[in-house]
Each structure stands twice: as structure tokens, then as C-alpha cells.
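Encoded as C-alpha cells, the structure appears first; notes follow it.
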Amino acid sequence: MSSSSRKFGLFRNAMKTTVHPSGATIFQERDEGHSMFAIKRGRVAVMVGGTTVDVLGEEELFGEMALLDHATRTATVVTLEETELVEIDKTEFYILVRQNPHFALQLMQLLSERLRRADALYRAPEDA
């Protein structure tokens, strides 16, 4: 999956945003999650067990799993620079999926990519 297919331009013109300084924790592993986030500008590190597993930038999403499976957060997300985020709650998420089928397809592709990457990390120690 190319990096361009990870970009969700749908949120580029969002007006309701919050700005977080560099080093801010957006959420932590095992937190309750009731929303997902789109990055309007800036970068975040996605960490599992204190190890950075991904760095996300402008027009990328994170936190979507909490909306889909109603479980706790599986990662900690920290800003790497001043970062402007669009927060999408469950109601807004379902409206987006209904009104924009391409968004739903793009989200499924993103989840598939992340699952494959996690699977590869999980398998790596056995293959070494």
C-alpha cells in the first residue's frame, strides 16, 4: 500500500480542530476510546509497549479501532511536533461511512495494511 493511499483528504478542510504541542500524549494504551483522529498538520508517533511502531503525518488517521470494536486503546500516540487534529466521534464516523463509501473502503484498506504490518512484527522473532 503506498503512502498516498494512507492519506484521507476528506478532513483537509475541517474547521473543528485542536492544536497539541510537541510531546503531547493524545491517548495511552488501555485508555477507553470513543473517537478517532485525523491529522490536519503535524506528526505523531504510535507506540506499543514504549516502542514506536509507526509515524503518521498530515491527512493520516489513528484511533479508528476503538470506534469499530469498542475495546480499549492498543497503542499510545504522542505528538512529534505541534500537531493539529480533527477528532471524529462515533456519530460523525457513522455519518462519514454512510455518506462516503470511498471513505469506508479506504479505511478497510488502512486496517488491512496495519494488520499485515502487525502480523509481520509478530512473526519476526520466530523466523529469526
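Ordering of the C-alpha cells sets the chain letters (A, B, ...), residue numbers begin anew at 1 in every chain, and ligands are numbered from 1 in the order given.
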
query = Looking only at the backbone, which of the residues in chain A does DSSP tag as strand (DSSP E or B), as an NGL selection string?
reply = :A and (18-20 or 25-27 or 35-41 or 44-48 or 51-56 or 61-62 or 76-79 or 83-89)

Preceding selection exported with N, CA and C atoms as a short mmCIF file (atom, residue, chain, number, x, y, z; two decimals), in the first residue's frame:
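Result file follows (out.cif):
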data_model
loop_
_atom_site.label_atom_id
_atom_site.label_comp_id
_atom_site.auth_asym_id
_atom_site.auth_seq_id
_atom_site.Cartn_x
_atom_site.Cartn_y
_atom_site.Cartn_z
N THR A 18 -8.21 20.75 17.07
CA THR A 18 -7.48 21.10 18.28
C THR A 18 -6.00 21.04 17.95
N VAL A 19 -5.23 21.95 18.55
CA VAL A 19 -3.79 22.00 18.32
C VAL A 19 -3.10 21.52 19.60
N HIS A 20 -2.17 20.58 19.42
CA HIS A 20 -1.43 19.99 20.53
C HIS A 20 0.05 20.30 20.36
N THR A 25 0.67 13.76 24.80
CA THR A 25 0.08 12.43 24.66
C THR A 25 -1.38 12.59 24.30
N ILE A 26 -1.79 12.05 23.16
CA ILE A 26 -3.18 12.13 22.71
C ILE A 26 -4.01 11.08 23.44
N PHE A 27 -3.49 9.86 23.51
CA PHE A 27 -4.09 8.82 24.35
C PHE A 27 -3.04 7.76 24.63
N SER A 35 -13.36 7.96 20.17
CA SER A 35 -13.20 8.76 18.95
C SER A 35 -11.92 8.34 18.24
N MET A 36 -11.84 8.77 16.98
CA MET A 36 -10.62 8.59 16.20
C MET A 36 -10.15 9.98 15.78
N PHE A 37 -8.99 10.05 15.19
CA PHE A 37 -8.39 11.35 14.86
C PHE A 37 -7.83 11.35 13.44
N ALA A 38 -7.96 12.50 12.79
CA ALA A 38 -7.30 12.76 11.51
C ALA A 38 -6.28 13.86 11.75
N ILE A 39 -5.11 13.73 11.16
CA ILE A 39 -4.06 14.73 11.32
C ILE A 39 -4.21 15.77 10.23
N LYS A 40 -4.52 16.98 10.63
CA LYS A 40 -4.63 18.09 9.65
C LYS A 40 -3.24 18.62 9.32
N ARG A 41 -2.38 18.73 10.33
CA ARG A 41 -0.97 19.07 10.12
C ARG A 41 -0.18 18.57 11.32
N VAL A 44 2.68 12.42 14.44
CA VAL A 44 2.56 11.70 15.72
C VAL A 44 3.32 10.39 15.64
N ALA A 45 3.75 9.91 16.81
CA ALA A 45 4.36 8.59 16.93
C ALA A 45 3.32 7.66 17.55
N VAL A 46 3.18 6.48 16.97
CA VAL A 46 2.31 5.44 17.51
C VAL A 46 3.22 4.45 18.20
N MET A 47 3.00 4.24 19.52
CA MET A 47 3.89 3.40 20.30
C MET A 47 3.13 2.27 20.97
N VAL A 48 3.75 1.10 20.97
CA VAL A 48 3.21 -0.06 21.65
C VAL A 48 4.29 -0.56 22.60
N THR A 51 7.67 1.21 22.40
CA THR A 51 8.40 1.17 21.13
C THR A 51 7.57 1.83 20.04
N THR A 52 8.19 2.72 19.28
CA THR A 52 7.49 3.36 18.16
C THR A 52 7.31 2.34 17.04
N VAL A 53 6.04 2.13 16.66
CA VAL A 53 5.73 1.17 15.59
C VAL A 53 5.33 1.88 14.30
N ASP A 54 5.01 3.18 14.38
CA ASP A 54 4.65 3.92 13.18
C ASP A 54 4.75 5.41 13.47
N VAL A 55 4.99 6.18 12.43
CA VAL A 55 4.94 7.65 12.49
C VAL A 55 3.93 8.07 11.44
N LEU A 56 2.95 8.85 11.86
CA LEU A 56 1.88 9.29 10.96
C LEU A 56 1.96 10.80 10.77
N LEU A 61 -4.90 8.87 9.58
CA LEU A 61 -5.83 8.60 10.68
C LEU A 61 -5.20 7.72 11.73
N PHE A 62 -5.72 7.85 12.96
CA PHE A 62 -5.37 6.90 14.02
C PHE A 62 -6.51 6.85 15.03
N THR A 76 -0.20 3.88 22.34
CA THR A 76 -0.06 5.24 22.86
C THR A 76 0.31 6.12 21.67
N VAL A 77 -0.29 7.31 21.58
CA VAL A 77 0.02 8.23 20.49
C VAL A 77 0.50 9.54 21.08
N VAL A 78 1.69 9.99 20.62
CA VAL A 78 2.33 11.20 21.13
C VAL A 78 2.72 12.09 19.94
N THR A 79 2.50 13.39 20.08
CA THR A 79 2.87 14.31 19.00
C THR A 79 4.39 14.46 18.93
N THR A 83 0.90 19.72 16.46
CA THR A 83 0.03 18.92 15.60
C THR A 83 -1.42 19.35 15.74
N GLU A 84 -2.09 19.55 14.60
CA GLU A 84 -3.50 19.93 14.58
C GLU A 84 -4.32 18.71 14.21
N LEU A 85 -5.27 18.37 15.08
CA LEU A 85 -6.06 17.15 14.90
C LEU A 85 -7.54 17.45 14.73
N VAL A 86 -8.19 16.60 13.94
CA VAL A 86 -9.64 16.61 13.80
C VAL A 86 -10.12 15.37 14.56
N GLU A 87 -10.96 15.57 15.57
CA GLU A 87 -11.49 14.44 16.33
C GLU A 87 -12.83 14.02 15.74
N ILE A 88 -12.98 12.72 15.51
CA ILE A 88 -14.20 12.18 14.91
C ILE A 88 -14.82 11.21 15.90
N ASP A 89 -16.01 11.56 16.42
CA ASP A 89 -16.67 10.67 17.37
C ASP A 89 -17.50 9.62 16.63
#

Self-check item: Polymer residues at most 12 Å from segment 105-115 of chain A, only C-alpha atoms, same-chain spacing of 2 or more positions, as a ChimeraX atom specification
Solution: /A:1-10,36,38,46,53-54,60-65,68,93,96-98,100-103,117-122

field: helix (DSSP H, G or I) call set, DSSP backbone run, segment 7-115 of chain A, as an MDAnalysis selection string
entry: chainID A and resid 9:11 64:69 90:99 101:115

Save the residues we just selected, N, CA and C atoms, as a CSV table (one decimal), in the first residue's frame?
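This is the output file out18.csv:
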chain,number,residue,atom,x,y,z
A,9,GLY,N,-7.8,12.8,2.6
A,9,GLY,CA,-8.0,14.2,2.3
A,9,GLY,C,-9.4,14.8,2.7
A,10,LEU,N,-10.3,13.9,3.1
A,10,LEU,CA,-11.6,14.2,3.5
A,10,LEU,C,-11.6,15.3,4.6
A,11,PHE,N,-10.6,15.3,5.5
A,11,PHE,CA,-10.5,16.1,6.7
A,11,PHE,C,-9.7,17.4,6.5
A,64,GLU,N,-8.9,4.6,15.1
A,64,GLU,CA,-10.2,4.1,14.5
A,64,GLU,C,-10.6,2.8,15.1
A,65,MET,N,-9.7,2.0,15.6
A,65,MET,CA,-10.1,0.7,16.2
A,65,MET,C,-11.0,0.8,17.3
A,66,ALA,N,-10.9,1.8,18.2
A,66,ALA,CA,-11.7,2.0,19.3
A,66,ALA,C,-13.2,2.2,18.9
A,67,LEU,N,-13.4,2.9,17.8
A,67,LEU,CA,-14.7,3.1,17.3
A,67,LEU,C,-15.3,1.8,16.7
A,68,LEU,N,-14.5,1.0,16.2
A,68,LEU,CA,-15.0,-0.2,15.5
A,68,LEU,C,-15.3,-1.4,16.4
A,69,ASP,N,-14.4,-1.6,17.5
A,69,ASP,CA,-14.6,-2.7,18.3
A,69,ASP,C,-14.9,-2.4,19.8
A,90,LYS,N,-18.1,8.7,17.4
A,90,LYS,CA,-18.9,7.6,16.8
A,90,LYS,C,-20.0,8.1,15.8
A,91,THR,N,-20.7,9.1,16.2
A,91,THR,CA,-21.8,9.6,15.4
A,91,THR,C,-21.3,10.2,14.1
A,92,GLU,N,-20.2,11.0,14.2
A,92,GLU,CA,-19.6,11.6,13.0
A,92,GLU,C,-19.0,10.4,12.1
A,93,PHE,N,-18.4,9.4,12.7
A,93,PHE,CA,-17.9,8.3,12.0
A,93,PHE,C,-18.9,7.6,11.2
A,94,TYR,N,-20.1,7.3,11.8
A,94,TYR,CA,-21.1,6.6,11.1
A,94,TYR,C,-21.7,7.4,9.9
A,95,ILE,N,-21.8,8.7,10.1
A,95,ILE,CA,-22.3,9.6,9.1
A,95,ILE,C,-21.3,9.5,7.9
A,96,LEU,N,-20.0,9.6,8.2
A,96,LEU,CA,-19.0,9.6,7.1
A,96,LEU,C,-19.1,8.3,6.3
A,97,VAL,N,-19.2,7.1,7.0
A,97,VAL,CA,-19.3,5.8,6.4
A,97,VAL,C,-20.5,5.8,5.5
A,98,ARG,N,-21.7,6.3,6.0
A,98,ARG,CA,-22.9,6.2,5.2
A,98,ARG,C,-22.8,7.2,4.0
A,99,GLN,N,-22.3,8.4,4.2
A,99,GLN,CA,-22.3,9.4,3.1
A,99,GLN,C,-21.1,9.2,2.1
A,101,PRO,N,-18.9,6.2,0.7
A,101,PRO,CA,-18.5,4.8,0.6
A,101,PRO,C,-17.0,4.6,0.4
A,102,HIS,N,-16.4,5.6,-0.3
A,102,HIS,CA,-15.0,5.5,-0.6
A,102,HIS,C,-14.2,5.6,0.7
A,103,PHE,N,-14.7,6.4,1.6
A,103,PHE,CA,-14.0,6.6,3.0
A,103,PHE,C,-14.0,5.2,3.6
A,104,ALA,N,-15.1,4.5,3.6
A,104,ALA,CA,-15.2,3.1,4.2
A,104,ALA,C,-14.2,2.2,3.6
A,105,LEU,N,-14.1,2.2,2.3
A,105,LEU,CA,-13.2,1.3,1.6
A,105,LEU,C,-11.8,1.7,1.9
A,106,GLN,N,-11.5,3.0,1.9
A,106,GLN,CA,-10.1,3.4,2.2
A,106,GLN,C,-9.7,3.0,3.7
A,107,LEU,N,-10.7,3.1,4.6
A,107,LEU,CA,-10.4,2.7,6.0
A,107,LEU,C,-10.2,1.2,6.1
A,108,MET,N,-10.9,0.4,5.3
A,108,MET,CA,-10.7,-1.0,5.3
A,108,MET,C,-9.3,-1.3,4.8
A,109,GLN,N,-8.9,-0.6,3.8
A,109,GLN,CA,-7.5,-0.8,3.2
A,109,GLN,C,-6.4,-0.5,4.2
A,110,LEU,N,-6.7,0.6,5.0
A,110,LEU,CA,-5.7,1.0,6.0
A,110,LEU,C,-5.7,0.0,7.1
A,111,LEU,N,-6.8,-0.5,7.6
A,111,LEU,CA,-6.8,-1.5,8.6
A,111,LEU,C,-6.1,-2.8,8.1
A,112,SER,N,-6.3,-3.2,6.9
A,112,SER,CA,-5.6,-4.4,6.3
A,112,SER,C,-4.1,-4.2,6.3
A,113,GLU,N,-3.7,-3.0,5.9
A,113,GLU,CA,-2.2,-2.7,5.9
A,113,GLU,C,-1.7,-2.8,7.3
A,114,ARG,N,-2.4,-2.2,8.3
A,114,ARG,CA,-1.9,-2.2,9.7
A,114,ARG,C,-1.9,-3.6,10.2
A,115,LEU,N,-2.9,-4.4,9.9
A,115,LEU,CA,-2.9,-5.8,10.4
A,115,LEU,C,-1.8,-6.6,9.8

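Shortest atom-to-atom contact with Arg73 of chain A among A:Arg30, A:Arg116, A:Arg12, A:Thr17: A:Arg30, counting only C-alpha atoms.
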
Restricting to only C-alpha atoms, whichever of A:Glu58, A:Pro21, A:Glu32, A:Gly50 is closest to Ala71 of chain A is A:Glu32

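Atom to atom, atom CA of Gly33 of chain A and atom CA of Lys16 of chain A stand 19.2 Å apart.
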